[in-house]
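Novice: Starting off with a structure, shown below.
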Number of protein chains: 2
Amino acid sequence: MMLEIQHRDGLARICNFETAHGTVETPALLPVINPNKLIVTPKELEDEFGAQIIITNSYVIKQSDELRKKALKDGLHALLDYHGPIMTDSGTFQAYVYGSVDTSPEEILKFQKDIGSDIITILDRFTEPEDSKELVEEKVRDTLKRAEDAVDEYGGSDIHLSLPIQGSTFTELRKEAGEAISKLDAKAVYPIGGVVPLMEDYRFKELAEVIIASKKGLGPKGPVHLFGAGHPMIFSLAVLLGCDMFDSSSYIKYARRGDFMFPTGTVKLEHLYSLACDCPACKDHSVEDIEGMDEDSRTRLIAKHNLGQMFLEIRNIKQAIQGGSLWELVERRCRSHPQLYEVFKVLKEKWRFLEPFEPRSRKSALMYTGAESLNRPAVKRVQRWIMEEYEPLFDGPTFLFDVDENEKPYNRHLRFEISEIFRRCSANLLLSTPIGPVPLELDEIYPIAQSIFPRGSKNEGLVDEYLEKKGIDDVLVWEGIKTLRSVEDGGGANLDVMRIKTVADYQFGKGAGEVLTDGQLRFVKNRKGRVKNVMLDDDHILSVRHYDGFFTLKKAGALILKEHFSPPSLRLKVNDDSAEFNRKGRNVFSKFVLDADDDLRPGDEVLVVDKNNRLAAVGRMFLTIKEMMEFDTGLAVRIREGIEK
Amino acid sequence: MMLEIQHRDGLARICNFETAHGTVETPALLPVINPNKLIVTPKELEDEFGAQIIITNSYVIKQSDELRKKALKDGLHALLDYHGPIMTDSGTFQAYVYGSVDTSPEEILKFQKDIGSDIITILDRFTEPEDSKELVEEKVRDTLKRAEDAVDEYGGSDIHLSLPIQGSTFTELRKEAGEAISKLDAKAVYPIGGVVPLMEDYRFKELAEVIIASKKGLGPKGPVHLFGAGHPMIFSLAVLLGCDMFDSSSYIKYARRGDFMFPTGTVKLEHLYSLACDCPACKDHSVEDIEGMDEDSRTRLIAKHNLGQMFLEIRNIKQAIQGGSLWELVERRCRSHPQLYEVFKVLKEKWRFLEPFEPRSRKSALMYTGAESLNRPAVKRVQRWIMEEYEPLFDGPTFLFDVDENEKPYNRHLRFEISEIFRRCSANLLLSTPIGPVPLELDEIYPIAQSIFPRGSKNEGLVDEYLEKKGIDDVLVWEGIKTLRSVEDGGGANLDVMRIKTVADYQFGKGAGEVLTDGQLRFVKNRKGRVKNVMLDDDHILSVRHYDGFFTLKKAGALILKEHFSPPSLRLKVNDDSAEFNRKGRNVFSKFVLDADDDLRPGDEVLVVDKNNRLAAVGRMFLTIKEMMEFDTGLAVRIREGIEK
């Protein structure tokens with residue numbers, strides 16, 4: 001599979017997908033071409049919309065004498081007058097709509113190959129939401145059998161196979177189907193099939209569950225195609241859950257009914273009063289113009305408008321992936337329809353599935369869009385760690401500060417209070433923030449500092465839960481300097497040291513903070529007094545990343561962590577050829593990775609070791625370990641510092 | 001003031017605003033033209049963006065020898081090469097930025113008139129958020145004095161005066177300023193001034209409070225101009241709160257900094273990866289192209305992009321006003337930034353200010369976008385009525401049904417249960433819905449049936465409160481037919497009759513249901529068995545509106561209500577000239593309205609009476625009574641049935 005991740009945000013990714021007719025950048029929209037009736041031509045799709053790939057139906061071509069002959073004689077690309085990659089569908093959807101098709105799995109696959117399709121789809125069995133579990137199991141089995149046969153026949157060739165995941169709304173079956181199909185050895189695209197009825201009925205909650213279950217089974221294999229997904233309203237959600245490709249003939253179907261698609265929903269021509277669209281098709285037309293058109297021109301115009309909105313949304317999504325704002329986009333889109341809103345429930349329930357793909361920080365701030373934002377994996381992870389893993393640093397009292405949004409980063413706002421407290425005692429300082437309780441020493445890490453919440457938002461229930469859980473009885477709610485009255489003398493706590501202890505534990509694992517501060521600590525600070533570099537016994541062990549409060553690991557620090565944590569913790573094991581290169585500071589590529597710590601997240605600091613667990617380099621993860629094991633090409637770890645033997 | 005409302009939704013309105021140089025459709029964006037440096041020319045604004053009106057700064061023109069001479073000689077329109085309406089600002093903002101200006105209130109006003117501006121702005125005193133209350137009071141007084149002087153000088157002329165409302169964040173002062181200025185007798189535009197610092201600091205909550213306070217003072221006078229509002233992110237909110245015009249030079253200021261505006265926020269060029277924009281300026285350009293441009297070309301391109309996004313959002317808003325979906329649009333936009341999200345708090349607190357403008361129903365369904373949607377006036381009003389005003393119809397037990405979204409309209413889903421209950425007893429049937437408790441007989445009215453909520457959403461706290469409030473002890477939670485076991489025989493309740501009683505009370509006022517059912521009732525039903533017409537003692541009194549469950553009032557029904565309710569209830573009093581026309585079925589126009597019931601809402605059924613309280617016609621309100629009293633032109637009531645003496 002020729003897929004290479006260029007950019008990522010959680011499960012969402014921008015990839016280069018190579019085909020015999022050119023490279024496609026995913027997420028990609030594949031407009032459906034009806035070879036019998038070209039309402040928008042492939043050439044227009046390419047020139048006006050920048051379409052990089054299209055899809056057509058091989059069964060429709062095969063059933064027409066004229067089209068079949070021409071396709072077999074001149075090839076599919078000549079038939080459609082298109083020179084980029086073409087994917088073909090097999091007739092499965094026709095079998096679903098009409099009950100049966102006049103071809104066999106073998107025949108339609110061979111036909112697709114013979115006409116020169118770039119991606120050929122097996123004749124899978126469409127699982128319907130109404131199907132009994134027994135019937136779905138049978139269809140999934142048949143689909144898998146046909147996939148196996150297809151791989152036997154074409155697996156070794158240069159052709160891409162399209163191997164759909166079926167399973168209706170039975171998530172366990174979807175997962176198993178994904179697992180089974182991902183094990184087949186072929187250059188393949190993995191469509192999630194049988195979802196059109198869910199989308200037509202706005203059953204988006206179940207759609208999200210089906211995508212998640214299929215992705216769980218498939219792993220990072222890709223590209224994953226959401227078959228028949230043709231409304232821009234759901235694209236961002238599907239990408240967030242790991243889909244790479246979309247196709248649909250909906251742009252025409254909607255146009256025939258006079259329906260204008262927007263990423264926020266559909267508007268019927270008769271309910272269109274002011275055309276809020278700058279697309280080339282709509283530009284220079286008023287609603288009255290369009291109403292006055294003959295049916296063919298109107299359908300063509302609306303079809304182009306619909307395509308324009310879909311391609312626009314794909315660009316929007318790419319911007320959001322690279323800008324780190326995909327969650328914000330999805331959360332806004334999920335409010336386009338109350339049934340799409342129901343997906344928030346799924347995102348909340350499935351955060352533990354999403355979390356391993358979630359970077360520990362982003363370069364842009366987390367933006368609150370509503371209470372639903374608190375269920376993002378980025379928030380849940382740090383909340384969980386504070387509630388379950390964090391141990392307060394001191395036996396002394398806990399001071400609770402009611403902080404607000406415009407006081408960020410809180411420690412700088414509380415400089416006076418902190419110094420007064422620490423002059424008198426070594427106490428735990430707890431902040432009551434929008435995401436709940438936060439130990440002061442964590443207050444500069446993502447997303448605690450790098451987030452924007454409405455002023456005055458709080459999560460006091462979680463603060464109470466924290467105090468109970470940690471068995472903290474002596475809470476002193478900060479009410480100004482008088483709060484210190486009862487406190488005994490004997491201070492000396494140092495926020496910089498506290499920060500290393502707690503942030504390192506959160507970032508690298510329990511105990512990291514202890515070993516990284518065990519010795520003579522010295523700080524190199526910038527002009528504003530903020531720590532830049534951390535020296536331990538004169539070795540530079542850590543630098544502080546100014547934009548997210550986490551540490552970059554230096555060689556000396558890496559050696560300490562390697563000593564403390566036993567394999568595979570924090571480690572990525574590479575083969576010896578790679579290790580030699582990595583020692584010289586060169587990056588790690590996927591195909592050389594042997595193994596790694598499951599707890600590492602994209603963006604994490606990592607110890608690159610050779611087969612014998614000798615440190616070869618320190619770097620930053622770009623992929624998850626599962627992705628590295630799956631992909632045979634592309635960057636896995638960006639090396640910062642090679643370590644010679 | 002030549003302003004005529006064409007379409008409305010709450011305080012939001014689409015109006016025709018007449019000037020000497022043509023009619024402007026509001027909401028309108030007035031791009032700011034810097035006469036010293038035309039980055040985008042007025043001609044381009046008109047041709048490429050459809051700008052109907054522009055604004056420029058008379059003080060800047062006056063300060064330049066060359067511009068002043070040309071403007072005085074050839075006129076402002078020739079100077080700018082623009083033939084549509086031009087509004088001029090006075091130098092107030094310059095006084096704010098630089099401390100003072102080199103002109104007097106009288107001089108700059110006369111200069112604006114002399115160069116032929118269509119709308120001339122007084123030199124008001126800019127109130128800053130940092131100003132003390134005393135200083136703000138002084139500035140408000142000065143501004144009012146200057147407005148009075150301007151009205152004395154130009155009030156009788158054909159020229160439009162622009163009379164700003166100042167008051168900083170002191171809402172009481174804003175309201176008083178609005179009241180005082182609205183009393184001046186002039187053709188005027190009412191800018192809300194001094195808000196740029198709030199917008200620059202994203203203090204949107206205070207901005208919303210300032211707009212509401214100013215509108216409270218101004219009443220329906222208009223057009224209301226939000227001075228310096230130049231980010232599309234806030235346009236829909238401002239329109240929802242009653243603003244009609246926007247202006248800003250921000251499109252250029254942002255462009256100079258490389259900032260791309262979108263209705264969902266701002267993206268810096270260096271954070272732009274994929275240009276999700278179809279506007280004519282961006283079309284055919286990649287991010288790399290734009291980065292490679294020389295500074296002037298880049299600034300011009302981004303300025304045009306920014307203008308494109310602003311005009312696009314204005315069209316979006318017009319679509320939403322006419323489509324009845326402005327609340328949905330605003331609720332999505334308020335999630336563009338957490339500080340814009342804070343406005344939800346204001347919308348919740350101020351629902352009683354918004355409610356009188358709120359139609360009792362819309363043609364499109366209320367769409368839930370999040371918990372915040374439950375604070376809309378459309379929801380609050382019906383909730384309040386059920387909680388405070390509604391009296392259960394029977395002394396018998398109350399059956400509580402836990403209904404869900406896909407069971408709408410609930411009574412049809414519960415047909416069997418209802419008939420079984422009513423066979424045995426006359427009981428109150430209460431539904432537990434997303435908006436709280438709903439008596440079954442209200443279940444077809446807006447927004448109870450005409451709404452879409454996520455499945456499973458509930459408001460059980462309000463159900464408990466209802467039961468307590470109404471003193472209902474004998475609640476039978478419906479658990480199937482067995483729930484009826486303990487119920488005594490003696491049925492006979494009729495849902496159609498119940499519906500008339502309760503809906504009429506809600507729609508027309510307490511007691512309406514009683515008098516409209518006092519006699520021999522007969523129903524004309526459609527093929528599906530739903531009531532179309534209601535006959536009382538053989539008179540057609542009401543028809544049922546299929547799309548929102550409310551009644552249209554027929555002559556016989558109107559006479560019954562007139563008998564029951566004393567003036568001014570349900571009545572709109574017109575002068576005798578109008579009454580004669582209305583008796584013949586012609587519509588009521590604003591200038592003939594003498595008085596009306598304050599409780600009438602736009603869209604309500606109304607009894608049109610003459611000075612002697614004789615019924616002249618039945619119709620439907622288009623404006624609020626305050627608007628009718630204010631506007632001297634335009635439709636006030638659409639007459640359905642004239643009533644001859």
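In the structure tokens, the first chain shown is A, the next is B, and so on; residue numbers restart at 1 for each chain, and ligands run from 1 in the order shown.
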Tell me, as a ChimeraX atom specification, which residues lie within 7 Å of Thr92 (chain B), counting only C-alpha atoms; anything in the same chain fewer than 3 positions away does not count.
Specialist: /B:95-96,123-126
Novice: If you count only C-alpha atoms, which residues fall within 8 Å of Ala504 (chain A), apart from same-chain ones fewer than 5 positions away, as a list of chain:residue names?
Specialist: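 These residues fall inside the cut-off: A:Arg499, A:Gly509, A:Ala512, A:Gly513, A:Leu516, A:Phe551.
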Novice: Please report, as a list in words, each residue of region 118-153 of chain B to which DSSP assigns helix (DSSP H, G or I) when run on this structure's backbone.
Specialist: Lys133, Glu134, Leu135, Val136, Glu137, Glu138, Lys139, Val140, Arg141, Asp142, Thr143, Leu144, Lys145, Arg146, Ala147, Glu148, Asp149, Ala150, Val151, Asp152 and Glu153 of chain B
Novice: Measuring between only C-alpha atoms, which one of A:Thr264, A:Thr552, A:Thr19, A:Thr56 shows the shortest distance to Asn533 (chain A)?
Specialist: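 Counting only C-alpha atoms, the residue closest to Asn533 (chain A) is A:Thr552.
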Novice: What does the distance between CA of Glu355 (chain B) and CA of Leu374 (chain B) come to in Å, to one decimal place?
Specialist: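 Separating CA of Glu355 (chain B) from CA of Leu374 (chain B) is a distance of 13.7 Å.
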